[in-house]
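Undergrad: Here you go, protein.tsv (TSV, C-alpha atoms):
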```
chain	number	residue	atom	x	y	z
A	1	MET	CA	-7.46	84.99	171.95
A	2	ASN	CA	-7.51	84.32	168.21
A	3	PRO	CA	-4.26	84.69	166.21
A	4	ARG	CA	-5.35	87.98	164.66
A	5	GLY	CA	-6.15	89.41	168.07
A	6	LEU	CA	-2.86	88.18	169.53
A	7	CYS	CA	-0.93	89.74	166.65
A	8	ALA	CA	-2.74	93.03	167.18
A	9	ALA	CA	-1.99	93.00	170.89
A	10	VAL	CA	1.72	92.34	170.32
A	11	VAL	CA	1.94	95.04	167.67
A	12	ALA	CA	0.05	97.61	169.74
A	13	ALA	CA	2.18	96.98	172.82
A	14	ALA	CA	5.41	97.24	170.87
A	15	LEU	CA	4.31	100.43	169.14
A	16	ALA	CA	3.31	101.97	172.45
A	17	TRP	CA	6.71	101.09	173.93
A	18	ALA	CA	8.55	102.49	170.92
A	19	ALA	CA	6.54	105.71	170.97
A	20	ALA	CA	7.18	106.21	174.67
A	21	ALA	CA	10.89	105.50	174.38
A	22	GLY	CA	11.29	107.77	171.36
A	23	ALA	CA	9.54	110.65	173.09
A	24	THR	CA	11.88	110.86	176.06
A	25	PRO	CA	11.90	114.54	177.19
A	26	GLY	CA	15.02	116.16	175.86
A	27	GLY	CA	15.80	113.00	173.91
A	28	VAL	CA	18.51	113.32	171.30
A	29	ALA	CA	19.73	111.12	168.50
A	30	HIS	CA	22.32	109.24	170.58
A	31	VAL	CA	19.81	108.32	173.27
A	32	THR	CA	17.32	107.09	170.69
A	33	LEU	CA	19.83	104.98	168.80
A	34	ALA	CA	21.35	103.49	171.94
A	35	SER	CA	17.90	102.56	173.29
A	36	GLY	CA	17.52	100.01	170.50
A	37	LEU	CA	14.96	101.94	168.51
A	38	ALA	CA	16.93	101.85	165.26
A	39	GLN	CA	14.46	99.42	163.66
A	40	SER	CA	11.94	98.74	166.43
A	41	ARG	CA	8.82	100.19	164.81
A	42	SER	CA	9.44	98.48	161.51
A	43	ARG	CA	10.21	95.21	163.30
A	44	THR	CA	6.77	95.57	164.83
A	45	CYS	CA	5.27	95.79	161.33
A	46	GLY	CA	7.29	92.72	160.42
A	47	THR	CA	5.37	90.57	162.90
A	48	CYS	CA	2.51	90.54	160.37
A	49	HIS	CA	4.18	91.69	157.16
A	50	ASN	CA	7.18	89.41	157.17
A	51	PRO	CA	7.86	89.13	153.39
A	52	GLU	CA	8.09	92.91	153.05
A	53	PHE	CA	10.10	93.25	156.25
A	54	SER	CA	12.54	90.52	155.16
A	55	LEU	CA	13.35	92.51	152.03
A	56	TRP	CA	13.52	95.86	153.82
A	57	ILE	CA	15.83	94.68	156.60
A	58	ARG	CA	18.47	93.86	153.96
A	59	HIS	CA	18.01	97.22	152.23
A	60	PRO	CA	20.36	100.15	152.97
A	61	HIS	CA	17.33	102.22	154.02
A	62	SER	CA	17.04	100.05	157.13
A	63	HIS	CA	20.51	100.56	158.56
A	64	PHE	CA	22.44	103.47	157.11
A	65	LEU	CA	22.81	105.11	160.56
A	66	ILE	CA	25.40	103.49	162.81
A	67	ASP	CA	25.86	103.86	166.55
A	68	PRO	CA	29.57	103.02	167.08
A	69	ASP	CA	28.92	101.97	170.68
A	70	ARG	CA	26.40	99.32	169.66
A	71	ASP	CA	27.90	98.30	166.29
A	72	PRO	CA	31.64	99.10	166.35
A	73	ARG	CA	32.39	96.66	163.51
A	74	LEU	CA	30.26	98.74	161.14
A	75	VAL	CA	32.66	101.68	161.47
A	76	LYS	CA	34.82	100.79	158.51
A	77	ALA	CA	37.42	103.58	158.48
A	78	ARG	CA	40.99	103.01	159.59
A	79	TRP	CA	43.28	105.38	161.44
A	80	GLY	CA	47.06	105.31	161.07
A	81	LYS	CA	50.03	106.37	159.00
A	82	ARG	CA	49.80	103.37	156.66
A	83	VAL	CA	46.22	104.13	155.66
A	84	GLU	CA	45.91	105.87	152.30
A	85	GLY	CA	44.64	109.42	152.63
A	86	TRP	CA	45.02	109.48	156.40
A	87	ALA	CA	47.81	112.04	156.62
A	88	GLU	CA	46.22	114.45	154.13
A	89	HIS	CA	42.69	114.43	155.49
A	90	VAL	CA	42.61	113.10	159.07
A	91	GLU	CA	45.97	113.27	160.87
A	92	GLY	CA	45.73	115.67	163.78
A	93	ARG	CA	42.08	116.50	163.06
A	94	PHE	CA	40.10	113.74	164.76
A	95	GLU	CA	40.55	110.29	166.26
A	96	ARG	CA	38.42	107.16	166.33
A	97	ASP	CA	37.25	107.77	169.90
A	98	GLN	CA	35.64	111.04	168.81
A	99	VAL	CA	33.24	109.24	166.48
A	100	ALA	CA	29.83	109.15	168.16
A	101	LEU	CA	27.69	108.60	165.06
A	102	ALA	CA	28.43	107.23	161.58
A	103	TYR	CA	26.45	107.27	158.37
A	104	GLY	CA	26.80	105.23	155.19
A	105	ILE	CA	27.21	101.57	154.25
A	106	ILE	CA	27.45	101.55	150.44
A	107	GLN	CA	29.94	104.02	148.98
A	108	ILE	CA	31.16	106.35	151.72
A	109	GLN	CA	31.00	106.76	155.48
A	110	VAL	CA	30.95	110.11	157.23
A	111	TYR	CA	31.41	110.66	160.95
A	112	PHE	CA	30.05	112.92	163.67
A	113	ARG	CA	31.28	113.89	167.11
A	114	ARG	CA	28.98	114.48	170.06
A	115	ASP	CA	28.70	118.11	171.20
A	116	PRO	CA	26.40	119.55	173.88
A	117	ASP	CA	24.05	120.92	171.20
A	118	GLY	CA	24.02	117.83	168.97
A	119	TYR	CA	26.17	115.83	166.57
A	120	ARG	CA	28.69	117.75	164.44
A	121	LEU	CA	30.30	116.55	161.23
A	122	LEU	CA	33.95	115.53	161.32
A	123	PRO	CA	36.11	116.87	158.46
A	124	ALA	CA	36.81	113.82	156.26
A	125	GLN	CA	35.01	110.84	154.76
A	126	TRP	CA	35.96	107.19	154.26
A	127	ASN	CA	35.58	105.79	150.75
A	128	LEU	CA	34.28	102.25	151.33
A	129	ALA	CA	35.11	101.01	147.84
A	130	ARG	CA	38.66	102.39	147.67
A	131	ARG	CA	39.35	101.97	151.40
A	132	ARG	CA	40.89	105.39	151.80
A	133	TRP	CA	40.27	108.76	153.42
A	134	GLU	CA	39.01	111.59	151.21
A	135	PRO	CA	38.00	115.22	151.67
A	136	LEU	CA	34.32	115.93	152.17
A	137	PRO	CA	32.37	116.82	149.01
A	138	ALA	CA	31.22	120.41	148.55
A	139	SER	CA	27.71	119.71	149.88
A	140	LEU	CA	29.05	118.37	153.19
A	141	GLU	CA	31.71	121.05	153.39
A	142	ALA	CA	28.78	123.50	153.31
A	143	VAL	CA	27.26	121.73	156.34
A	144	LEU	CA	30.60	122.08	158.12
A	145	ARG	CA	31.01	125.71	157.08
A	146	LYS	CA	27.50	126.68	158.21
A	147	GLY	CA	27.99	124.98	161.56
A	148	LEU	CA	24.89	122.82	161.15
A	149	THR	CA	24.44	119.95	163.55
A	150	TRP	CA	23.33	116.54	162.30
A	151	GLU	CA	19.95	117.24	163.88
A	152	ASP	CA	19.47	120.46	161.92
A	153	GLY	CA	21.10	119.47	158.65
A	154	CYS	CA	20.68	115.71	158.25
A	155	ALA	CA	18.20	114.07	160.61
A	156	GLY	CA	15.11	114.90	158.57
A	157	CYS	CA	16.11	112.32	155.96
A	158	HIS	CA	18.16	109.90	158.04
A	159	THR	CA	15.38	109.15	160.50
A	160	THR	CA	11.63	108.53	160.30
A	161	GLY	CA	9.28	111.07	161.87
A	162	TYR	CA	11.94	113.56	162.94
A	163	ASP	CA	10.61	116.61	164.81
A	164	PRO	CA	13.12	119.50	164.59
A	165	THR	CA	11.34	121.35	167.40
A	166	THR	CA	11.89	118.62	170.00
A	167	ARG	CA	14.85	117.08	168.13
A	168	THR	CA	13.43	113.60	168.67
A	169	PHE	CA	12.34	110.81	166.38
A	170	PRO	CA	10.54	107.49	166.88
A	171	GLU	CA	12.79	105.50	164.55
A	172	ALA	CA	16.21	105.85	163.02
A	173	ASN	CA	16.72	105.13	159.32
A	174	ALA	CA	13.89	105.02	156.74
A	175	GLY	CA	11.27	102.78	158.31
A	176	CYS	CA	7.82	101.60	157.27
A	177	SER	CA	5.99	104.72	158.41
A	178	ALA	CA	8.17	106.89	156.16
A	179	CYS	CA	6.04	105.62	153.25
A	180	HIS	CA	2.93	104.21	154.92
A	181	GLY	CA	2.30	106.87	157.56
A	182	ASP	CA	1.43	106.32	161.21
A	183	GLY	CA	0.45	102.68	161.69
A	184	GLN	CA	-0.90	102.86	165.24
A	185	ALA	CA	-4.60	102.53	164.34
A	186	HIS	CA	-3.78	99.83	161.79
A	187	ALA	CA	-1.90	97.84	164.42
A	188	ASP	CA	-4.47	98.40	167.18
A	189	SER	CA	-7.23	97.04	164.94
A	190	GLY	CA	-5.28	93.95	163.91
A	191	GLY	CA	-5.07	95.24	160.36
A	192	ARG	CA	-8.76	96.06	159.97
A	193	GLU	CA	-8.12	99.80	160.04
A	194	PRO	CA	-6.49	100.70	156.70
A	195	ILE	CA	-3.02	102.12	156.38
A	196	LEU	CA	-1.71	104.30	153.57
A	197	ARG	CA	-0.98	102.25	150.46
A	198	PRO	CA	1.35	104.20	148.14
A	199	THR	CA	-0.23	102.48	145.12
A	200	THR	CA	-3.41	104.51	145.78
A	201	LEU	CA	-1.55	107.83	145.38
A	202	THR	CA	-1.11	109.76	142.15
A	203	PRO	CA	2.20	109.01	140.40
A	204	LEU	CA	3.88	112.28	141.43
A	205	THR	CA	2.59	112.09	145.01
A	206	ARG	CA	3.92	108.54	145.13
A	207	ALA	CA	7.26	109.75	143.75
A	208	ALA	CA	7.29	112.39	146.49
A	209	LEU	CA	7.70	109.61	149.07
A	210	CYS	CA	11.16	109.05	147.59
A	211	GLY	CA	11.68	112.69	146.67
A	212	ALA	CA	11.33	113.86	150.26
A	213	CYS	CA	14.93	112.67	150.70
A	214	HIS	CA	16.15	112.14	147.14
A	215	SER	CA	16.06	115.85	146.31
A	216	ARG	CA	17.82	119.05	147.28
A	217	GLY	CA	16.31	122.28	148.46
A	218	ARG	CA	15.21	123.97	151.66
A	219	SER	CA	12.30	123.85	154.06
A	220	LEU	CA	9.67	126.55	153.69
A	221	ASP	CA	11.04	128.36	156.73
A	222	GLY	CA	14.48	128.35	155.09
A	223	LYS	CA	16.15	126.68	158.07
A	224	HIS	CA	16.58	123.05	157.02
A	225	PRO	CA	17.74	121.18	153.88
A	226	TYR	CA	14.85	118.70	154.21
A	227	PRO	CA	11.04	119.04	154.03
A	228	VAL	CA	9.97	119.76	157.60
A	229	GLY	CA	6.49	118.44	158.29
A	230	PHE	CA	6.26	116.25	155.17
A	231	ARG	CA	3.94	113.28	155.59
A	232	PRO	CA	3.21	110.43	153.16
A	233	GLY	CA	0.50	111.59	150.78
A	234	ASP	CA	1.62	115.24	150.76
A	235	ARG	CA	2.73	117.04	147.63
A	236	LEU	CA	6.46	117.56	148.14
A	237	GLU	CA	6.38	121.05	146.65
A	238	ALA	CA	3.85	122.07	149.32
A	239	ARG	CA	6.44	121.35	152.02
A	240	PHE	CA	9.75	121.98	150.28
A	241	GLU	CA	11.33	124.57	148.02
A	242	LEU	CA	13.15	122.49	145.43
A	243	ILE	CA	16.27	123.74	143.70
A	244	ARG	CA	15.30	123.87	140.04
A	245	PRO	CA	17.49	123.70	136.92
A	246	ASP	CA	18.15	126.69	134.72
A	247	PRO	CA	17.90	125.39	131.13
A	248	GLU	CA	20.22	128.14	129.88
A	249	ARG	CA	23.16	127.78	132.26
A	250	THR	CA	25.12	125.37	134.40
A	251	THR	CA	24.80	125.78	138.17
A	252	SER	CA	26.30	124.01	141.19
A	253	HIS	CA	23.40	121.53	141.16
A	254	PHE	CA	22.50	121.12	137.47
A	255	TRP	CA	24.21	121.04	134.13
A	256	ARG	CA	22.85	123.33	131.45
A	257	GLY	CA	19.85	121.51	130.05
A	258	GLY	CA	18.73	119.98	133.36
A	259	ALA	CA	20.95	116.97	134.16
A	260	GLU	CA	21.74	116.60	137.87
A	261	ARG	CA	25.32	117.10	139.04
A	262	LEU	CA	25.05	116.01	142.70
A	263	PRO	CA	23.92	112.78	144.39
A	264	PHE	CA	20.46	112.40	145.91
A	265	MET	CA	18.71	114.56	143.31
A	266	GLU	CA	16.88	111.75	141.55
A	267	TYR	CA	13.44	113.26	142.16
A	268	GLN	CA	14.44	116.58	140.63
A	269	GLY	CA	15.75	114.92	137.51
A	270	PHE	CA	12.74	112.65	137.22
A	271	VAL	CA	10.05	115.35	137.53
A	272	GLU	CA	11.71	117.17	134.63
A	273	SER	CA	11.44	114.08	132.44
A	274	ARG	CA	8.79	113.09	129.91
A	275	HIS	CA	8.38	109.83	131.83
A	276	ALA	CA	6.94	111.73	134.78
A	277	GLY	CA	4.67	113.60	132.40
A	278	VAL	CA	3.05	110.39	131.15
A	279	GLY	CA	2.32	109.01	134.62
A	280	LEU	CA	5.33	106.91	135.57
A	281	SER	CA	6.78	107.01	139.07
A	282	CYS	CA	9.84	105.83	140.99
A	283	THR	CA	8.18	102.50	141.72
A	284	THR	CA	7.71	101.85	138.01
A	285	CYS	CA	11.36	100.82	138.02
A	286	HIS	CA	12.27	100.35	141.70
A	287	LEU	CA	10.83	98.09	144.39
A	288	PRO	CA	10.62	100.16	147.60
A	289	HIS	CA	11.17	97.25	149.99
A	290	GLY	CA	14.24	96.04	148.08
A	291	SER	CA	15.01	93.40	145.48
A	292	GLU	CA	17.73	91.05	144.25
A	293	TYR	CA	18.78	93.55	141.56
A	294	PRO	CA	21.11	96.54	142.05
A	295	HIS	CA	19.46	99.73	143.32
A	296	SER	CA	16.30	97.75	144.14
A	297	LEU	CA	15.32	97.56	140.49
A	298	ARG	CA	12.34	95.38	139.60
A	299	ARG	CA	14.31	93.63	136.85
A	300	ARG	CA	17.42	94.21	134.76
A	301	SER	CA	17.37	97.77	133.49
A	302	GLU	CA	17.11	96.76	129.82
A	303	GLU	CA	14.12	94.54	130.63
A	304	ILE	CA	12.41	97.43	132.40
A	305	CYS	CA	12.91	99.77	129.44
A	306	SER	CA	11.82	97.20	126.87
A	307	GLY	CA	8.62	96.65	128.83
A	308	CYS	CA	7.41	99.95	127.35
A	309	HIS	CA	9.76	100.65	124.44
A	310	GLU	CA	9.36	97.93	121.83
A	311	GLU	CA	12.32	96.85	119.73
A	312	SER	CA	10.66	98.04	116.53
A	313	GLU	CA	10.31	101.53	118.03
A	314	LEU	CA	13.91	101.62	119.20
A	315	ALA	CA	15.18	100.53	115.79
A	316	LEU	CA	13.90	103.79	114.29
A	317	VAL	CA	16.56	105.75	116.21
A	318	PRO	CA	19.88	105.63	114.30
A	319	ALA	CA	21.97	105.89	117.48
A	320	HIS	CA	20.53	102.59	118.69
A	321	GLN	CA	22.23	100.85	115.79
A	322	ARG	CA	25.69	102.14	116.71
A	323	HIS	CA	26.30	100.13	119.88
A	324	PRO	CA	25.88	96.36	120.30
A	325	GLU	CA	23.70	95.46	123.28
A	326	ASP	CA	26.64	93.96	125.15
A	327	GLU	CA	28.61	97.18	124.67
A	328	ALA	CA	26.13	99.78	125.91
A	329	GLY	CA	22.72	99.45	127.52
A	330	CYS	CA	19.82	101.86	127.83
A	331	ILE	CA	21.02	103.53	131.03
A	332	ASP	CA	24.55	104.06	129.71
A	333	CYS	CA	23.18	106.76	127.42
A	334	HIS	CA	19.82	107.78	128.86
A	335	MET	CA	20.82	107.66	132.54
A	336	ALA	CA	24.50	108.39	132.06
A	337	VAL	CA	26.90	109.34	134.85
A	338	THR	CA	26.83	113.13	135.15
A	339	ASN	CA	29.77	113.79	137.49
A	340	PRO	CA	32.83	113.23	135.26
A	341	ASP	CA	35.22	113.23	138.24
A	342	ARG	CA	32.93	110.53	139.71
A	343	GLY	CA	34.14	111.15	143.29
A	344	ALA	CA	32.72	108.78	145.90
A	345	TYR	CA	29.29	108.63	144.30
A	346	ARG	CA	28.41	108.02	140.69
A	347	VAL	CA	25.52	110.33	139.88
A	348	ARG	CA	23.19	109.05	137.17
A	349	THR	CA	20.69	111.44	135.67
A	350	HIS	CA	17.04	110.55	136.18
A	351	SER	CA	15.94	113.09	133.58
A	352	LEU	CA	16.23	110.11	131.18
A	353	ARG	CA	17.72	112.11	128.37
A	354	VAL	CA	21.10	112.04	126.64
A	355	TRP	CA	22.94	115.03	128.02
A	356	VAL	CA	25.61	117.42	126.77
A	357	ALA	CA	26.72	120.39	128.86
A	358	GLU	CA	29.45	123.01	129.11
A	359	ASP	CA	31.65	123.34	132.18
A	360	PRO	CA	31.25	126.95	133.37
A	361	GLU	CA	34.75	127.12	134.86
A	362	GLY	CA	36.99	124.92	132.75
A	363	GLY	CA	35.47	125.78	129.39
A	364	ARG	CA	35.10	122.10	128.56
A	365	VAL	CA	32.10	120.30	127.11
A	366	TYR	CA	30.93	117.16	128.94
A	367	SER	CA	28.49	114.57	127.70
A	368	ALA	CA	26.80	111.26	128.34
A	369	CYS	CA	29.20	109.71	125.81
A	370	THR	CA	32.46	110.95	127.36
A	371	SER	CA	31.79	110.89	131.12
A	372	VAL	CA	32.57	107.17	131.45
A	373	CYS	CA	32.93	105.45	128.06
A	374	HIS	CA	34.66	107.61	125.43
A	375	THR	CA	36.98	109.30	127.90
A	376	ASP	CA	39.62	109.91	125.21
A	377	ARG	CA	37.18	112.23	123.41
A	378	ASP	CA	35.60	115.50	124.46
A	379	GLY	CA	32.01	116.66	124.59
A	380	THR	CA	32.31	118.66	121.41
A	381	TRP	CA	33.02	115.44	119.50
A	382	ALA	CA	30.02	113.82	121.18
A	383	ARG	CA	27.75	116.76	120.34
A	384	LYS	CA	28.68	116.60	116.67
A	385	ARG	CA	28.26	112.84	116.63
A	386	MET	CA	24.80	113.10	118.17
A	387	GLU	CA	23.79	115.75	115.68
A	388	VAL	CA	24.72	113.37	112.89
A	389	TRP	CA	22.69	110.63	114.53
A	390	ARG	CA	19.83	113.05	115.24
A	391	VAL	CA	19.68	112.09	118.90
A	392	ARG	CA	16.99	113.94	120.81
```
Before anything else, please render the file you have as structure tokens.
TA:
Amino acid sequence: MNPRGLCAAVVAAALAWAAAAGATPGGVAHVTLASGLAQSRSRTCGTCHNPEFSLWIRHPHSHFLIDPDRDPRLVKARWGKRVEGWAEHVEGRFERDQVALAYGIIQIQVYFRRDPDGYRLLPAQWNLARRRWEPLPASLEAVLRKGLTWEDGCAGCHTTGYDPTTRTFPEANAGCSACHGDGQAHADSGGREPILRPTTLTPLTRAALCGACHSRGRSLDGKHPYPVGFRPGDRLEARFELIRPDPERTTSHFWRGGAERLPFMEYQGFVESRHAGVGLSCTTCHLPHGSEYPHSLRRRSEEICSGCHEESELALVPAHQRHPEDEAGCIDCHMAVTNPDRGAYRVRTHSLRVWVAEDPEGGRVYSACTSVCHTDRDGTWARKRMEVWRVR
């Protein structure tokens, strides 16, 4: 057998095994994870596409779900009276042996117990950076309050190919087929049968591959906070009712004017931007398989921006003359942190505009200038300063 044929045979056999194992009647998340399917399908792709796989396997998308039985060292939280935040948020509420599923490897970890009807969220989160227990954010408190299981409220984005009807999935985490579609025919033919290449999609349809999870809204049947039935190549809006900003008022999801307030809303901010209107997409700035730069950027953020915005153009904006390059970069103003309390996640707007907004409850004015840098000032000062500089 020639090498191409051997590769095809190996890939086809592995895919067939993975599909059969993932489709166990009555299969649930714990069974699938424990069976070793967490990365099996994508590992199959890696037999031929090793450079891409080698990047992806180091990317958070490949391993943000944790089975504590298989990987106990990846459960980073600590239990005990000497642990900061333990008494306030965890003591008497749940113990380590109740944790049957964990999620998160970058900024926070959240934990789920195993119930007869699925995994249920436990009522505290571990801040990985600060190494302390914290209360759940409002979005997860809503999951707890509504009594949603992980399968109904989370699995659509934290697995690949999740079917809410059967509550099964062929692969945990965000694997290759999340962006390239079903690869069975491609594998069976030894690569001769084409597979979906995201570069052939329109910019917004390509951005929808990311937006299927990096957005907030509800399924068309109103039952799930993820786009049920979405497949690579679909228009996201055809499968998902996105929460949209109200330009005239601040809401729980958006500041007045359109800047995102919550994490994992990058798609919603981006589609409101002029960059989306001129044909850019998520992959203009980010490499989907991963990179050596933070957040899988293609290059340093200033280098990405200057690839389109020439220095002579930027010099025409008075505000650009107010900060030395080593003091503030492009994203510090145009992708500024939009959650002033900053919590566990720093939320950066992807609307790519300098933002100013009023707090509907506290009566304060927040801004791109004061959320992280000029914290001794208020948003009203920033608004006046921007008016002087004629920032748009």
Undergrad: How close does region 251-340 of chain A get to region 94-112 of chain A? List, as a tab-separated table, each residue of region 251-340 of chain A within 12 Å, its nearest atom pair and the distance in Å to one decimal, counting all atoms listed in the file.
TA:
```
residue	atom	partner	partner_atom	distance
A:Pro263	CA	A:Gln107	CA	11.6
A:Pro294	CA	A:Ile106	CA	11.6
A:His295	CA	A:Ile106	CA	10.9
```
Undergrad: Please compute the CA of Phe240 (chain A)-CA of Pro227 (chain A) distance, one decimal, in Å.
TA: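 Going from CA of Phe240 (chain A) over to CA of Pro227 (chain A) covers 4.9 Å.
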Undergrad: For His180 (chain A), which residue out of A:Asn50, A:Gly233, A:Pro123, A:Met386 is the nearest one, using only C-alpha atoms?
TA: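 Going through A:Asn50, A:Gly233, A:Pro123, A:Met386 one by one, the smallest distance to His180 (chain A) is for A:Gly233.
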Undergrad: If we count only C-alpha atoms and set the cut-off at 12 Å, which residues sit around Arg385 (chain A), ignoring sequence neighbours fewer than 5 positions away in its own chain? Please answer as number ranges by chain.
TA: A: 318-319, 322, 356, 367-370, 377-380, 390-391
Undergrad: Tell me which residues come within 12 Å of (33.7, 120.8, 128.2), as a list in words, counting all atoms listed in the file in the file's coordinates.
TA: Thr250, Trp255, Arg256, Pro340, Val356, Ala357, Glu358, Asp359, Pro360, Glu361, Gly362, Gly363, Arg364, Val365, Tyr366, Ser367, Ala368, Thr370, Ser371, Thr375, Arg377, Asp378, Gly379, Thr380, Trp381, Ala382 and Arg383 of chain A
Undergrad: Quick one: residues within 9 Å of Ala212 (chain A), all atoms listed in the file counted, chain neighbours fewer than 4 positions away excluded, as a list in words?
TA: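 Counting all atoms listed in the file, the residues come to Cys157, Ala207, Ala208, Arg216, Tyr226, Pro227, Phe230, Leu236, Phe240 and Tyr267 of chain A.
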Undergrad: If you keep C-alpha atoms, can you produce a file of those selected residues as a short mmCIF file (atom, residue, chain, number, x, y, z; two decimals), keeping the file's coordinate frame?
TA:
```cif
data_model
loop_
_atom_site.label_atom_id
_atom_site.label_comp_id
_atom_site.auth_asym_id
_atom_site.auth_seq_id
_atom_site.Cartn_x
_atom_site.Cartn_y
_atom_site.Cartn_z
CA CYS A 157 16.11 112.32 155.96
CA ALA A 207 7.26 109.75 143.75
CA ALA A 208 7.29 112.39 146.49
CA ARG A 216 17.82 119.05 147.28
CA TYR A 226 14.85 118.70 154.21
CA PRO A 227 11.04 119.04 154.03
CA PHE A 230 6.26 116.25 155.17
CA LEU A 236 6.46 117.56 148.14
CA PHE A 240 9.75 121.98 150.28
CA TYR A 267 13.44 113.26 142.16
#
```
Undergrad: What gap, in Å, lies between CA of Arg41 (chain A) and CA of Thr160 (chain A)?
TA: 9.9 Å
Undergrad: With distances taken over only C-alpha atoms, which of A:Arg346, A:Pro170, A:Ala124, A:Thr283 is nearest to Ala138 (chain A)?
TA: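 Among A:Arg346, A:Pro170, A:Ala124, A:Thr283, it is A:Ala124 that comes nearest to Ala138 (chain A).
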Undergrad: Smallest atom-to-atom distance to Trp126 (chain A): which of A:Gly85, A:Gly217, A:Gly175, A:Pro232, using only C-alpha atoms?
TA: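 With only C-alpha atoms as the atom set, the closest residue is A:Gly85.
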Undergrad: If we count only C-alpha atoms, what is near Leu148 (chain A) at a cut-off of 10 Å, once residues fewer than 6 positions away on the same chain are taken out, given as a list in words?
TA: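 With the cut-off at 10 Å, the set is Gly118, Tyr119, Arg120, Leu121, Ala142, Cys154 and His224 of chain A.
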Undergrad: Write to file, as a PDB file, in the coordinates of the input, the residues of the selection just made, with C-alpha atoms.
TA:
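In the end it all went to part26.pdb:
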```pdb
ATOM      1  CA  GLY A 118      24.020 117.830 168.970  1.00  0.00           C
ATOM      2  CA  TYR A 119      26.170 115.830 166.570  1.00  0.00           C
ATOM      3  CA  ARG A 120      28.690 117.750 164.440  1.00  0.00           C
ATOM      4  CA  LEU A 121      30.300 116.550 161.230  1.00  0.00           C
ATOM      5  CA  ALA A 142      28.780 123.500 153.310  1.00  0.00           C
ATOM      6  CA  CYS A 154      20.680 115.710 158.250  1.00  0.00           C
ATOM      7  CA  HIS A 224      16.580 123.050 157.020  1.00  0.00           C
TER       8      HIS A 224
END
```
Undergrad: Would you work out the distance separating CA of Arg114 (chain A) from CA of Gly153 (chain A), expressed in Å to one decimal?
TA: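 Rounded to one decimal, the two atoms are 14.7 Å apart.
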Undergrad: Could you list, as an mmCIF file with C-alpha atoms, in the coordinates of the input, every residue within 12 Å of Tyr293 (chain A), counting all atoms listed in the file and ignoring same-chain residues fewer than 6 positions away?
TA:
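Heads up, here's the output in result_19.cif:
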```cif
data_model
loop_
_atom_site.group_PDB
_atom_site.id
_atom_site.type_symbol
_atom_site.label_atom_id
_atom_site.label_comp_id
_atom_site.auth_asym_id
_atom_site.auth_seq_id
_atom_site.Cartn_x
_atom_site.Cartn_y
_atom_site.Cartn_z
ATOM 1 C CA LEU A 55 13.350 92.510 152.030
ATOM 2 C CA HIS A 59 18.010 97.220 152.230
ATOM 3 C CA CYS A 285 11.360 100.820 138.020
ATOM 4 C CA HIS A 286 12.270 100.350 141.700
ATOM 5 C CA LEU A 287 10.830 98.090 144.390
ATOM 6 C CA ARG A 299 14.310 93.630 136.850
ATOM 7 C CA ARG A 300 17.420 94.210 134.760
ATOM 8 C CA SER A 301 17.370 97.770 133.490
ATOM 9 C CA GLU A 303 14.120 94.540 130.630
ATOM 10 C CA ILE A 304 12.410 97.430 132.400
#
```
Undergrad: Do you know which residues are at most 7 Å from His158 (chain A) counting only C-alpha atoms, after dropping those on the same chain fewer than 6 positions away, and could you put them as a list in words?
TA: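 Near His158 (chain A), the qualifying residues are Ala172, Asn173 and Ala174 of chain A.
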Undergrad: For the selection you just gave me, I'd like the residues written to a file as a PDB file, in the frame of the given file, keeping C-alpha atoms.
TA:
```pdb
ATOM      1  CA  ALA A 172      16.210 105.850 163.020  1.00  0.00           C
ATOM      2  CA  ASN A 173      16.720 105.130 159.320  1.00  0.00           C
ATOM      3  CA  ALA A 174      13.890 105.020 156.740  1.00  0.00           C
TER       4      ALA A 174
END
```
Undergrad: Nearest to Arg231 (chain A) among A:Asp246, A:Asp152, A:Asp163, A:Glu134, with distances taken over all atoms listed in the file: which residue is it?
TA: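 That would be A:Asp163, the residue with the smallest distance to Arg231 (chain A).
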Undergrad: Could you tell me which of A:Ile57, A:Ala259, A:Trp389, A:Val278 comes closest to Pro247 (chain A) if we count only C-alpha atoms?
TA: A:Ala259
Undergrad: Show me, as JSON, the centre and edge lengths in Å to one decimal of the axis-aligned box that covers every listed atom of region 371-376 of chain A with 4 Å on each side.
TA:
```
{"center_x": 35.7, "center_y": 108.2, "center_z": 128.3, "size_x": 15.8, "size_y": 13.4, "size_z": 14.2}
```
Undergrad: I'd like to know which of A:Gly277, A:Leu352, A:Cys179, A:His214 is closest to Gly258 (chain A), using only C-alpha atoms.
TA: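 Closest residue, counting only C-alpha atoms: A:Leu352.
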Undergrad: Using the atoms already present, construct N, CA and C atoms for region 280-284 of chain A and hand them back as a short mmCIF file (atom, residue, chain, number, x, y, z; two decimals), keeping the file's coordinate frame.
TA:
```
data_model
loop_
_atom_site.label_atom_id
_atom_site.label_comp_id
_atom_site.auth_asym_id
_atom_site.auth_seq_id
_atom_site.Cartn_x
_atom_site.Cartn_y
_atom_site.Cartn_z
N LEU A 280 4.47 107.88 134.91
CA LEU A 280 5.33 106.91 135.57
C LEU A 280 5.77 107.46 136.92
N SER A 281 6.32 106.60 137.75
CA SER A 281 6.78 107.01 139.07
C SER A 281 8.04 106.23 139.42
N CYS A 282 8.62 106.52 140.57
CA CYS A 282 9.84 105.83 140.99
C CYS A 282 9.63 104.32 141.04
N THR A 283 8.45 103.93 141.54
CA THR A 283 8.18 102.50 141.72
C THR A 283 7.86 101.78 140.42
N THR A 284 7.81 102.51 139.31
CA THR A 284 7.71 101.85 138.01
C THR A 284 8.96 101.00 137.76
#
```
